[in-house]
$ cat protein-v9.tsv   # TSV, C-alpha atoms
chain	number	residue	atom	x	y	z
A	25	MET	CA	-45.07	-32.59	35.69
A	26	ALA	CA	-44.94	-32.24	39.50
A	27	ALA	CA	-41.60	-32.09	41.32
A	28	GLU	CA	-42.47	-35.31	43.17
A	29	GLU	CA	-42.73	-37.10	39.81
A	30	LEU	CA	-39.53	-35.57	38.45
A	31	GLY	CA	-37.53	-36.60	41.49
A	32	ARG	CA	-34.60	-34.83	43.10
A	33	ILE	CA	-31.32	-33.82	41.51
A	34	LEU	CA	-28.06	-34.07	43.44
A	35	SER	CA	-25.77	-31.31	42.13
A	36	ILE	CA	-22.09	-31.61	43.03
A	37	GLN	CA	-20.00	-28.67	41.80
A	38	SER	CA	-18.55	-25.27	42.63
A	39	HIS	CA	-20.28	-22.41	44.43
A	40	VAL	CA	-19.65	-18.66	44.26
A	41	ALA	CA	-21.14	-15.95	46.45
A	42	TYR	CA	-21.31	-13.52	43.51
A	43	GLY	CA	-22.22	-14.35	39.95
A	44	TYR	CA	-23.47	-17.39	38.07
A	45	VAL	CA	-21.07	-20.26	37.53
A	46	GLY	CA	-21.11	-23.86	38.75
A	47	GLY	CA	-24.02	-24.61	41.02
A	48	LYS	CA	-25.22	-21.00	40.86
A	49	ALA	CA	-25.70	-21.41	37.10
A	50	ALA	CA	-27.37	-24.81	37.45
A	51	THR	CA	-29.69	-24.70	40.46
A	52	PHE	CA	-32.14	-21.93	39.56
A	53	PRO	CA	-32.79	-23.20	36.01
A	54	LEU	CA	-33.41	-26.72	37.32
A	55	GLN	CA	-35.79	-25.41	39.97
A	56	LEU	CA	-37.69	-23.48	37.29
A	57	LEU	CA	-38.14	-26.80	35.46
A	58	GLY	CA	-39.74	-28.24	38.60
A	59	TYR	CA	-36.86	-30.12	40.23
A	60	ASP	CA	-35.84	-30.07	43.87
A	61	VAL	CA	-32.06	-29.68	43.89
A	62	ASP	CA	-29.78	-30.92	46.67
A	63	ILE	CA	-26.45	-29.09	46.53
A	64	VAL	CA	-22.96	-30.21	47.52
A	65	ASN	CA	-20.37	-27.48	47.01
A	66	THR	CA	-16.91	-28.65	45.97
A	67	VAL	CA	-15.51	-25.13	46.43
A	68	ASN	CA	-16.87	-21.99	48.10
A	69	PHE	CA	-15.44	-18.91	46.43
A	70	SER	CA	-16.25	-15.21	46.48
A	71	ASN	CA	-16.52	-15.14	42.67
A	72	HIS	CA	-15.18	-17.02	39.64
A	73	ALA	CA	-11.48	-16.93	38.79
A	74	GLY	CA	-11.98	-14.79	35.69
A	75	TYR	CA	-12.10	-11.72	37.91
A	76	ARG	CA	-8.50	-12.53	38.91
A	77	ARG	CA	-9.22	-11.49	42.53
A	78	SER	CA	-11.08	-14.14	44.51
A	79	SER	CA	-11.06	-15.83	47.89
A	80	GLY	CA	-12.60	-18.89	49.45
A	81	THR	CA	-12.07	-22.52	50.32
A	82	LYS	CA	-12.01	-25.90	48.61
A	83	ALA	CA	-13.90	-28.78	50.23
A	84	THR	CA	-11.49	-31.42	51.49
A	85	PRO	CA	-12.02	-35.10	50.67
A	86	LYS	CA	-12.92	-35.74	54.34
A	87	GLU	CA	-15.50	-32.94	54.32
A	88	LEU	CA	-17.07	-34.37	51.19
A	89	ASP	CA	-17.03	-37.93	52.58
A	90	ASP	CA	-18.60	-36.71	55.84
A	91	MET	CA	-21.29	-34.77	54.01
A	92	PHE	CA	-22.27	-37.71	51.83
A	93	PHE	CA	-22.25	-40.02	54.86
A	94	ILE	CA	-24.62	-37.83	56.91
A	95	LEU	CA	-26.91	-37.25	53.92
A	96	GLU	CA	-27.15	-41.01	53.55
A	97	GLN	CA	-27.62	-41.62	57.29
A	98	ASN	CA	-30.50	-39.15	57.35
A	99	GLY	CA	-32.15	-40.77	54.35
A	100	PHE	CA	-31.65	-37.69	52.18
A	101	LEU	CA	-29.40	-39.23	49.54
A	102	LYS	CA	-32.06	-40.57	47.18
A	103	PRO	CA	-31.72	-38.62	43.93
A	104	ALA	CA	-33.33	-39.55	40.65
A	105	ARG	CA	-30.55	-37.68	38.84
A	106	VAL	CA	-26.97	-36.69	39.61
A	107	LEU	CA	-25.00	-33.80	38.11
A	108	THR	CA	-21.26	-33.38	38.69
A	109	GLY	CA	-19.28	-30.36	37.54
A	110	PHE	CA	-16.17	-28.47	38.64
A	111	ILE	CA	-13.99	-30.42	41.09
A	112	PHE	CA	-10.48	-29.02	41.46
A	113	GLY	CA	-8.19	-31.90	42.44
A	114	ALA	CA	-7.85	-35.67	42.32
A	115	GLU	CA	-8.50	-36.36	46.01
A	116	ALA	CA	-11.75	-34.39	46.05
A	117	LEU	CA	-12.83	-35.92	42.73
A	118	SER	CA	-12.08	-39.39	44.10
A	119	ALA	CA	-14.33	-38.69	47.10
A	120	VAL	CA	-17.13	-37.58	44.78
A	121	ALA	CA	-16.56	-40.60	42.52
A	122	ARG	CA	-16.87	-43.02	45.44
A	123	SER	CA	-20.22	-41.55	46.45
A	124	VAL	CA	-21.58	-41.39	42.91
A	125	ILE	CA	-20.57	-44.99	42.20
A	126	LYS	CA	-22.27	-46.13	45.43
A	127	LEU	CA	-25.44	-44.26	44.48
A	128	LEU	CA	-25.46	-45.92	41.06
A	129	GLN	CA	-24.88	-49.34	42.59
A	130	ASP	CA	-27.79	-48.83	44.99
A	131	ASP	CA	-30.06	-47.50	42.24
A	132	PRO	CA	-29.01	-48.27	38.64
A	133	GLN	CA	-31.95	-46.21	37.34
A	134	ILE	CA	-30.30	-42.93	38.38
A	135	ILE	CA	-29.57	-40.66	35.42
A	136	TYR	CA	-26.00	-39.40	35.82
A	137	LEU	CA	-24.73	-36.43	33.82
A	138	LEU	CA	-20.96	-36.02	34.06
A	139	ASP	CA	-19.61	-32.64	32.99
A	140	PRO	CA	-15.83	-33.19	33.05
A	141	VAL	CA	-14.95	-29.56	33.74
A	142	MET	CA	-11.23	-29.29	33.08
A	143	GLY	CA	-10.55	-26.33	30.83
A	144	ASP	CA	-11.24	-24.53	27.59
A	145	ALA	CA	-9.47	-23.02	24.59
A	146	GLY	CA	-6.38	-25.16	25.09
A	147	GLN	CA	-5.89	-24.40	28.78
A	148	LEU	CA	-6.51	-26.56	31.86
A	149	TYR	CA	-7.97	-24.87	34.92
A	150	VAL	CA	-7.89	-27.94	37.16
A	151	LEU	CA	-4.99	-30.06	38.33
A	152	PRO	CA	-3.88	-32.59	35.69
A	153	ASP	CA	-4.29	-35.44	38.21
A	154	VAL	CA	-8.08	-35.33	37.74
A	155	ILE	CA	-7.84	-36.56	34.13
A	156	PRO	CA	-7.40	-40.31	34.83
A	157	ILE	CA	-10.17	-40.17	37.45
A	158	TYR	CA	-12.56	-38.60	34.98
A	159	ARG	CA	-11.67	-41.36	32.52
A	160	SER	CA	-12.51	-43.98	35.17
A	161	LEU	CA	-15.90	-42.30	35.77
A	162	LEU	CA	-16.93	-42.17	32.11
A	163	PRO	CA	-18.42	-45.72	32.01
A	164	LYS	CA	-20.70	-44.79	34.92
A	165	ALA	CA	-22.27	-41.80	33.16
A	166	THR	CA	-25.58	-41.71	31.33
A	167	ILE	CA	-24.56	-38.51	29.54
A	168	ILE	CA	-21.31	-36.56	29.30
A	169	THR	CA	-21.09	-32.92	28.19
A	170	PRO	CA	-17.44	-32.00	27.52
A	171	ASN	CA	-16.41	-29.10	25.35
A	172	TRP	CA	-14.09	-29.78	22.39
A	173	PHE	CA	-10.92	-29.17	24.46
A	174	GLU	CA	-12.09	-31.57	27.16
A	175	VAL	CA	-12.83	-34.21	24.51
A	176	GLU	CA	-9.31	-33.77	23.15
A	177	THR	CA	-7.87	-34.07	26.67
A	178	ILE	CA	-9.82	-37.18	27.64
A	179	THR	CA	-9.31	-39.02	24.36
A	180	GLU	CA	-5.80	-37.69	23.62
A	181	THR	CA	-7.06	-36.86	20.13
A	182	LYS	CA	-6.53	-33.53	18.40
A	183	ILE	CA	-9.82	-32.74	16.66
A	184	GLU	CA	-8.92	-31.26	13.29
A	185	ASP	CA	-10.81	-33.23	10.63
A	186	ARG	CA	-13.57	-35.80	10.09
A	187	THR	CA	-11.34	-38.76	11.00
A	188	SER	CA	-10.14	-37.29	14.29
A	189	LEU	CA	-13.69	-36.31	15.28
A	190	GLN	CA	-14.89	-39.84	14.47
A	191	ASN	CA	-11.96	-41.30	16.43
A	192	ALA	CA	-12.73	-39.17	19.49
A	193	LEU	CA	-16.39	-40.27	19.50
A	194	THR	CA	-15.38	-43.91	18.97
A	195	ILE	CA	-13.07	-43.77	21.98
A	196	LEU	CA	-15.80	-42.25	24.17
A	197	HIS	CA	-18.47	-44.71	23.04
A	198	GLU	CA	-16.48	-47.92	22.70
A	199	THR	CA	-13.40	-47.60	24.92
A	200	TYR	CA	-15.21	-45.83	27.77
A	201	SER	CA	-18.75	-47.18	27.12
A	202	VAL	CA	-20.49	-43.80	27.27
A	203	PRO	CA	-23.97	-44.17	25.74
A	204	ASN	CA	-24.72	-40.46	25.25
A	205	VAL	CA	-22.04	-37.94	24.27
A	206	VAL	CA	-22.72	-34.23	23.89
A	207	ILE	CA	-19.87	-32.02	22.68
A	208	SER	CA	-21.18	-28.69	23.80
A	209	SER	CA	-19.21	-26.37	21.53
A	210	ILE	CA	-16.83	-26.96	18.63
A	211	PRO	CA	-15.55	-23.84	16.83
A	212	VAL	CA	-16.61	-24.13	13.19
A	213	ALA	CA	-13.28	-23.87	11.40
A	214	LYS	CA	-13.15	-24.22	7.63
A	215	TRP	CA	-12.69	-28.00	7.71
A	216	LEU	CA	-15.77	-28.40	9.89
A	217	ARG	CA	-17.83	-25.95	7.83
A	218	ASP	CA	-16.97	-27.88	4.68
A	219	LEU	CA	-17.82	-31.16	6.40
A	220	THR	CA	-21.15	-30.14	7.93
A	221	PRO	CA	-24.24	-30.91	5.79
A	222	PRO	CA	-26.30	-27.89	4.66
A	223	HIS	CA	-29.39	-28.97	6.62
A	224	ILE	CA	-27.37	-28.72	9.86
A	225	ARG	CA	-25.74	-25.35	9.15
A	226	SER	CA	-28.15	-22.63	10.20
A	227	THR	CA	-29.58	-20.61	7.32
A	228	THR	CA	-29.31	-17.50	9.52
A	229	ILE	CA	-25.50	-17.83	9.80
A	230	SER	CA	-23.45	-16.51	6.88
A	231	ASP	CA	-20.17	-18.08	5.82
A	232	GLN	CA	-18.41	-14.97	7.12
A	233	GLU	CA	-19.86	-15.30	10.65
A	234	GLN	CA	-18.12	-17.31	13.33
A	235	SER	CA	-20.24	-20.13	14.69
A	236	LEU	CA	-20.18	-23.10	17.05
A	237	LEU	CA	-21.32	-26.66	16.40
A	238	CYS	CA	-23.12	-28.60	19.11
A	239	LEU	CA	-23.04	-32.37	18.57
A	240	ALA	CA	-24.99	-35.18	20.25
A	241	SER	CA	-24.09	-38.82	19.65
A	242	VAL	CA	-26.24	-41.74	20.81
A	243	HIS	CA	-24.65	-45.17	21.01
A	244	ALA	CA	-26.64	-48.24	22.04
A	245	ALA	CA	-24.51	-51.13	23.25
A	246	GLY	CA	-24.05	-53.66	20.46
A	247	ALA	CA	-25.99	-51.50	18.02
A	248	ALA	CA	-23.13	-50.51	15.70
A	249	THR	CA	-23.95	-51.58	12.16
A	250	THR	CA	-22.02	-51.97	8.94
A	251	THR	CA	-23.65	-50.48	5.86
A	252	GLU	CA	-22.73	-50.73	2.20
A	253	GLY	CA	-21.68	-47.54	0.43
A	254	ALA	CA	-21.24	-46.62	-3.19
A	255	GLY	CA	-19.07	-48.99	-5.20
A	256	GLY	CA	-19.43	-51.78	-2.66
A	257	SER	CA	-17.44	-49.98	0.07
A	258	SER	CA	-18.60	-50.36	3.64
A	259	HIS	CA	-18.42	-48.34	6.82
A	260	ARG	CA	-19.37	-48.92	10.43
A	261	ARG	CA	-22.10	-46.70	11.87
A	262	ARG	CA	-21.04	-46.51	15.50
A	263	SER	CA	-23.73	-44.12	16.71
A	264	ALA	CA	-26.58	-41.88	15.65
A	265	VAL	CA	-25.17	-38.36	15.41
A	266	TYR	CA	-27.18	-35.14	15.61
A	267	ALA	CA	-25.84	-31.60	15.32
A	268	GLY	CA	-26.77	-27.96	15.13
A	269	CYS	CA	-24.96	-24.65	14.62
A	270	VAL	CA	-25.40	-21.37	16.50
A	271	PRO	CA	-23.76	-17.99	15.89
A	272	LEU	CA	-20.78	-17.27	18.11
A	273	ILE	CA	-21.58	-14.43	20.50
A	274	PRO	CA	-18.32	-12.53	20.93
A	275	GLY	CA	-16.88	-11.85	24.35
A	276	TYR	CA	-16.05	-13.76	27.49
A	277	PHE	CA	-18.93	-15.33	29.41
A	278	SER	CA	-18.56	-17.62	32.42
A	279	GLY	CA	-20.91	-20.38	33.55
A	280	VAL	CA	-22.25	-21.13	30.06
A	281	GLY	CA	-21.23	-24.79	30.11
A	282	ASP	CA	-22.62	-25.21	33.64
A	283	LEU	CA	-25.99	-23.81	32.54
A	284	PHE	CA	-26.03	-25.91	29.37
A	285	SER	CA	-25.23	-29.17	31.20
A	286	ALA	CA	-27.93	-28.55	33.81
A	287	LEU	CA	-30.52	-27.92	31.09
A	288	VAL	CA	-29.50	-31.06	29.19
A	289	LEU	CA	-30.02	-33.10	32.36
A	290	GLY	CA	-33.28	-31.34	33.23
A	291	HIS	CA	-34.76	-31.95	29.78
A	292	TYR	CA	-33.52	-35.52	29.29
A	293	PHE	CA	-36.22	-38.18	29.57
A	294	PRO	CA	-35.27	-41.67	28.33
A	295	SER	CA	-38.88	-42.61	27.67
A	296	PRO	CA	-40.31	-41.80	24.23
A	297	SER	CA	-42.99	-39.55	25.75
A	298	PRO	CA	-41.42	-36.62	27.64
A	299	PRO	CA	-43.56	-34.25	29.71
A	300	ALA	CA	-45.40	-31.59	27.72
A	301	LEU	CA	-43.45	-28.39	27.12
A	302	PRO	CA	-44.92	-24.88	27.12
A	303	ASP	CA	-45.66	-23.43	23.71
A	304	THR	CA	-43.03	-21.04	22.35
A	305	SER	CA	-43.66	-17.89	20.35
A	306	ASN	CA	-42.17	-19.57	17.29
A	307	PRO	CA	-43.53	-22.98	16.25
A	308	PRO	CA	-40.72	-25.52	15.75
A	309	PRO	CA	-39.77	-26.22	12.15
A	310	PRO	CA	-39.67	-29.81	10.92
A	311	PRO	CA	-38.47	-32.15	12.19
A	312	SER	CA	-40.56	-31.22	15.19
A	313	LEU	CA	-39.07	-31.32	18.64
A	314	SER	CA	-41.35	-34.13	19.69
A	315	SER	CA	-40.12	-36.37	16.87
A	316	LEU	CA	-36.51	-36.26	18.03
A	317	PRO	CA	-35.07	-39.05	20.20
A	318	PRO	CA	-34.49	-38.24	23.90
A	319	LEU	CA	-30.89	-36.96	23.75
A	320	PRO	CA	-31.11	-34.60	20.74
A	321	ARG	CA	-34.47	-33.38	22.04
A	322	ALA	CA	-32.92	-32.46	25.41
A	323	VAL	CA	-29.86	-30.90	23.77
A	324	SER	CA	-32.03	-28.86	21.38
A	325	LEU	CA	-33.89	-27.34	24.32
A	326	ALA	CA	-30.67	-26.76	26.28
A	327	LEU	CA	-29.00	-25.13	23.27
A	328	THR	CA	-32.05	-22.96	22.58
A	329	LYS	CA	-32.27	-21.67	26.14
A	330	THR	CA	-28.53	-21.24	26.68
A	331	HIS	CA	-28.14	-19.24	23.46
A	332	ALA	CA	-31.15	-17.07	24.34
A	333	ILE	CA	-29.69	-16.35	27.80
A	334	LEU	CA	-26.37	-15.39	26.16
A	335	ARG	CA	-28.19	-13.04	23.80
A	336	LEU	CA	-30.00	-11.44	26.74
A	337	THR	CA	-26.71	-11.07	28.62
A	338	GLU	CA	-24.98	-9.57	25.59
A	339	GLU	CA	-27.82	-7.08	25.11
A	340	HIS	CA	-27.53	-6.02	28.75
A	341	ALA	CA	-23.74	-5.62	28.49
A	342	SER	CA	-24.05	-3.54	25.31
A	343	LEU	CA	-26.17	-0.95	27.15
A	344	LEU	CA	-23.70	-0.42	30.00
A	345	PRO	CA	-21.54	2.73	30.21
A	346	PRO	CA	-18.44	2.59	27.98
A	347	GLU	CA	-16.10	2.01	30.93
A	348	ASP	CA	-18.05	-1.19	31.81
A	349	ARG	CA	-17.99	-2.73	28.32
A	350	THR	CA	-14.36	-2.60	27.37
A	351	THR	CA	-12.75	-5.20	25.12
A	352	THR	CA	-10.43	-7.85	26.50
A	353	ASP	CA	-6.87	-6.55	26.68
A	354	ASP	CA	-4.54	-8.36	29.08
A	355	GLU	CA	-2.04	-5.50	29.19
A	356	LEU	CA	-4.65	-2.86	30.03
A	357	ASP	CA	-6.36	-5.20	32.49
A	358	GLU	CA	-3.05	-5.81	34.24
A	359	ALA	CA	-2.44	-2.06	34.57
A	360	ASP	CA	-6.01	-1.47	35.81
A	361	PRO	CA	-7.54	-4.54	37.54
A	362	GLU	CA	-10.83	-2.68	37.99
A	363	ARG	CA	-11.18	-2.60	34.20
A	364	ARG	CA	-11.47	-6.41	34.05
A	365	ILE	CA	-13.81	-6.52	37.04
A	366	ARG	CA	-16.21	-4.00	35.51
A	367	ARG	CA	-16.29	-5.91	32.22
A	368	MET	CA	-16.79	-9.31	33.90
A	369	ARG	CA	-19.51	-7.96	36.15
A	370	GLY	CA	-21.46	-6.73	33.14
A	371	ARG	CA	-21.26	-10.16	31.52
A	372	GLU	CA	-22.63	-12.27	34.37
A	373	LEU	CA	-25.41	-14.48	33.00
A	374	ARG	CA	-28.86	-12.88	33.23
A	375	LEU	CA	-30.57	-15.93	34.67
A	376	VAL	CA	-33.13	-14.20	36.88
A	377	GLN	CA	-34.01	-11.71	34.16
A	378	GLY	CA	-34.25	-14.64	31.71
A	379	ARG	CA	-36.46	-16.84	33.85
A	380	ARG	CA	-39.20	-16.95	31.18
A	381	ILE	CA	-36.60	-18.29	28.75
A	382	LEU	CA	-35.46	-20.94	31.22
A	383	SER	CA	-38.99	-22.03	32.14
A	384	GLY	CA	-39.88	-22.40	28.46
A	385	GLU	CA	-42.43	-19.60	28.33
A	386	ALA	CA	-40.42	-17.43	25.93
A	387	MET	CA	-37.52	-19.36	24.45
A	388	GLY	CA	-37.42	-17.54	21.11
A	389	GLU	CA	-35.92	-19.25	18.06
A	390	LEU	CA	-35.77	-23.00	18.52
A	391	ARG	CA	-32.27	-24.36	17.87
A	392	LEU	CA	-33.05	-27.86	16.65
A	393	LEU	CA	-30.40	-30.54	16.30
A	394	ARG	CA	-30.80	-32.56	13.12
A	395	GLU	CA	-29.53	-35.99	12.25
A	396	TRP	CA	-26.16	-36.15	10.51
A	397	ASP	CA	-26.89	-39.21	8.40
A	398	ASP	CA	-23.52	-39.60	6.73
A	399	PHE	CA	-21.33	-38.66	9.70
A	400	TRP	CA	-19.67	-42.10	9.69
A	401	GLY	CA	-19.48	-42.22	5.90
A	402	PRO	CA	-21.76	-42.00	2.86
A	403	ASP	CA	-24.71	-44.37	2.83

$ encode --input "protein-v9.tsv" --output "structure tokens"
Amino acid sequence: MAAEELGRILSIQSHVAYGYVGGKAATFPLQLLGYDVDIVNTVNFSNHAGYRRSSGTKATPKELDDMFFILEQNGFLKPARVLTGFIFGAEALSAVARSVIKLLQDDPQIIYLLDPVMGDAGQLYVLPDVIPIYRSLLPKATIITPNWFEVETITETKIEDRTSLQNALTILHETYSVPNVVISSIPVAKWLRDLTPPHIRSTTISDQEQSLLCLASVHAAGAATTTEGAGGSSHRRRSAVYAGCVPLIPGYFSGVGDLFSALVLGHYFPSPSPPALPDTSNPPPPPSLSSLPPLPRAVSLALTKTHAILRLTEEHASLLPPEDRTTTDDELDEADPERRIRRMRGRELRLVQGRRILSGEAMGELRLLREWDDFWGPD
């Protein structure tokens, strides 16, 4: 499909001079898929914060307002899709929200992917004042791609069992009217392993291996149904849920969520007939990729490519000299800051080297999401 047919993507997120996070992790993969990408940087940093030493500036609300105004005045602000990512504080996020809402009012057909980048592993790395603004933006989004911690933060729900996971999705779909929810990574603890149906757990992952669950939930307005279960009991099916497991690749990698969100947006086509994809070296197992609905199809491709890029990055890091592939140790890193920098540098995503993965020429093993029929209760 030609770039003119795909339309332009407006990407609003962070920028770093060195490395691949934020817009640097999103732009190149989207361009490889055939999109023209217009970029608004919410911050301009030397490198990501994981290096501990960094410098740069944050865009002020006025700078963002002025940039959007001139883009509109010049007739450049006509995206088919919008992607928002890391935005540090409430005032800057409010400026972005105003522009996104205006774009959606002018063209309701715009596909808007909101990645509410706030933190991970129990820790916020934005100011807490962004949380209510993200909540106000949720009803405007076509797709959201939070990680499990961001879901917990937005919904104020600790995800620790089936009920809490159902409650979190219900809040996102019904309280905030989000039609398409993708939880990019949920650590597969014992409760989740026991809950997940065998056809969703990968046969290549042993019970001893750590893994992550990726979940996609599709909710059509007014489409929730009540079905009868065994013994006359009933439950409400609030959405169609699809999921897949991937092995956890150990180590600290930055920009993974930014890459994943960009690929979800790039591969999402609401129509039942998406553009043809290049053949992969491994034919997809049933159910075939083409038989999946639009959201799980896009997420399957994003998960496949993101995991393959992580594998490529891990392989590169494993071949570095011993001093460049040290394990994480806060005490040793504090005593020798160069130790952390060497390790982080070796784990920057290998996007350029993995361009055949990103374009679809050599994706490797296809990570298909499969329907979780009894997620809301037994049929």

$ atom_distance --input "protein-v9.tsv" --atom1 "atom CA of Leu162 of chain A" --atom2 "atom CA of Val202 of chain A"
6.2 Å

$ closest_residue --input "protein-v9.tsv" --among "A:Leu54, A:Ile135, A:Ala119, A:Val106" --to "Lys86 of chain A" --atoms "only C-alpha atoms"
A:Ala119

$ residues_around --input "protein-v9.tsv" --residues "Val150 of chain A" --least-positions-apart "4" --cutoff "12 Å" --atoms "only C-alpha atoms" --output "ChimeraX atom specification"
/A:73,109-114,116-117,140-144,154-155,158,174

$ residues_around --input "protein-v9.tsv" --residues "Ile168 of chain A" --least-positions-apart "3" --cutoff "8 Å" --atoms "only C-alpha atoms" --output "number ranges by chain"
A: 137-140, 162, 165, 202, 204-206

$ residues_around --input "protein-v9.tsv" --residues "Glu184 of chain A" --least-positions-apart "5" --cutoff "9 Å" --atoms "all atoms listed in the file" --output "list of chain:residue names"
A:Leu189, A:Ala213, A:Trp215, A:Leu216

$ closest_residue --input "protein-v9.tsv" --among "A:Gly74, A:Asn191, A:Ala50, A:Gly80" --to "Arg367 of chain A" --atoms "all atoms listed in the file"
A:Gly74

$ residues_around --input "protein-v9.tsv" --residues "Arg379 of chain A" --least-positions-apart "5" --cutoff "9 Å" --atoms "only C-alpha atoms" --output "mmCIF file with C-alpha atoms, keeping the file's coordinate frame"
data_model
loop_
_atom_site.group_PDB
_atom_site.id
_atom_site.type_symbol
_atom_site.label_atom_id
_atom_site.label_comp_id
_atom_site.auth_asym_id
_atom_site.auth_seq_id
_atom_site.Cartn_x
_atom_site.Cartn_y
_atom_site.Cartn_z
ATOM 1 C CA PHE A 52 -32.140 -21.930 39.560
ATOM 2 C CA PRO A 53 -32.790 -23.200 36.010
ATOM 3 C CA LEU A 56 -37.690 -23.480 37.290
ATOM 4 C CA ARG A 374 -28.860 -12.880 33.230
ATOM 5 C CA GLY A 384 -39.880 -22.400 28.460
ATOM 6 C CA GLU A 385 -42.430 -19.600 28.330
ATOM 7 C CA ALA A 386 -40.420 -17.430 25.930
#

$ residues_around --input "protein-v9.tsv" --residues "Thr220 of chain A" --least-positions-apart "2" --cutoff "12 Å" --atoms "only C-alpha atoms" --output "number ranges by chain"
A: 185-186, 210, 212-218, 222-226, 236-239, 265-269, 394-399
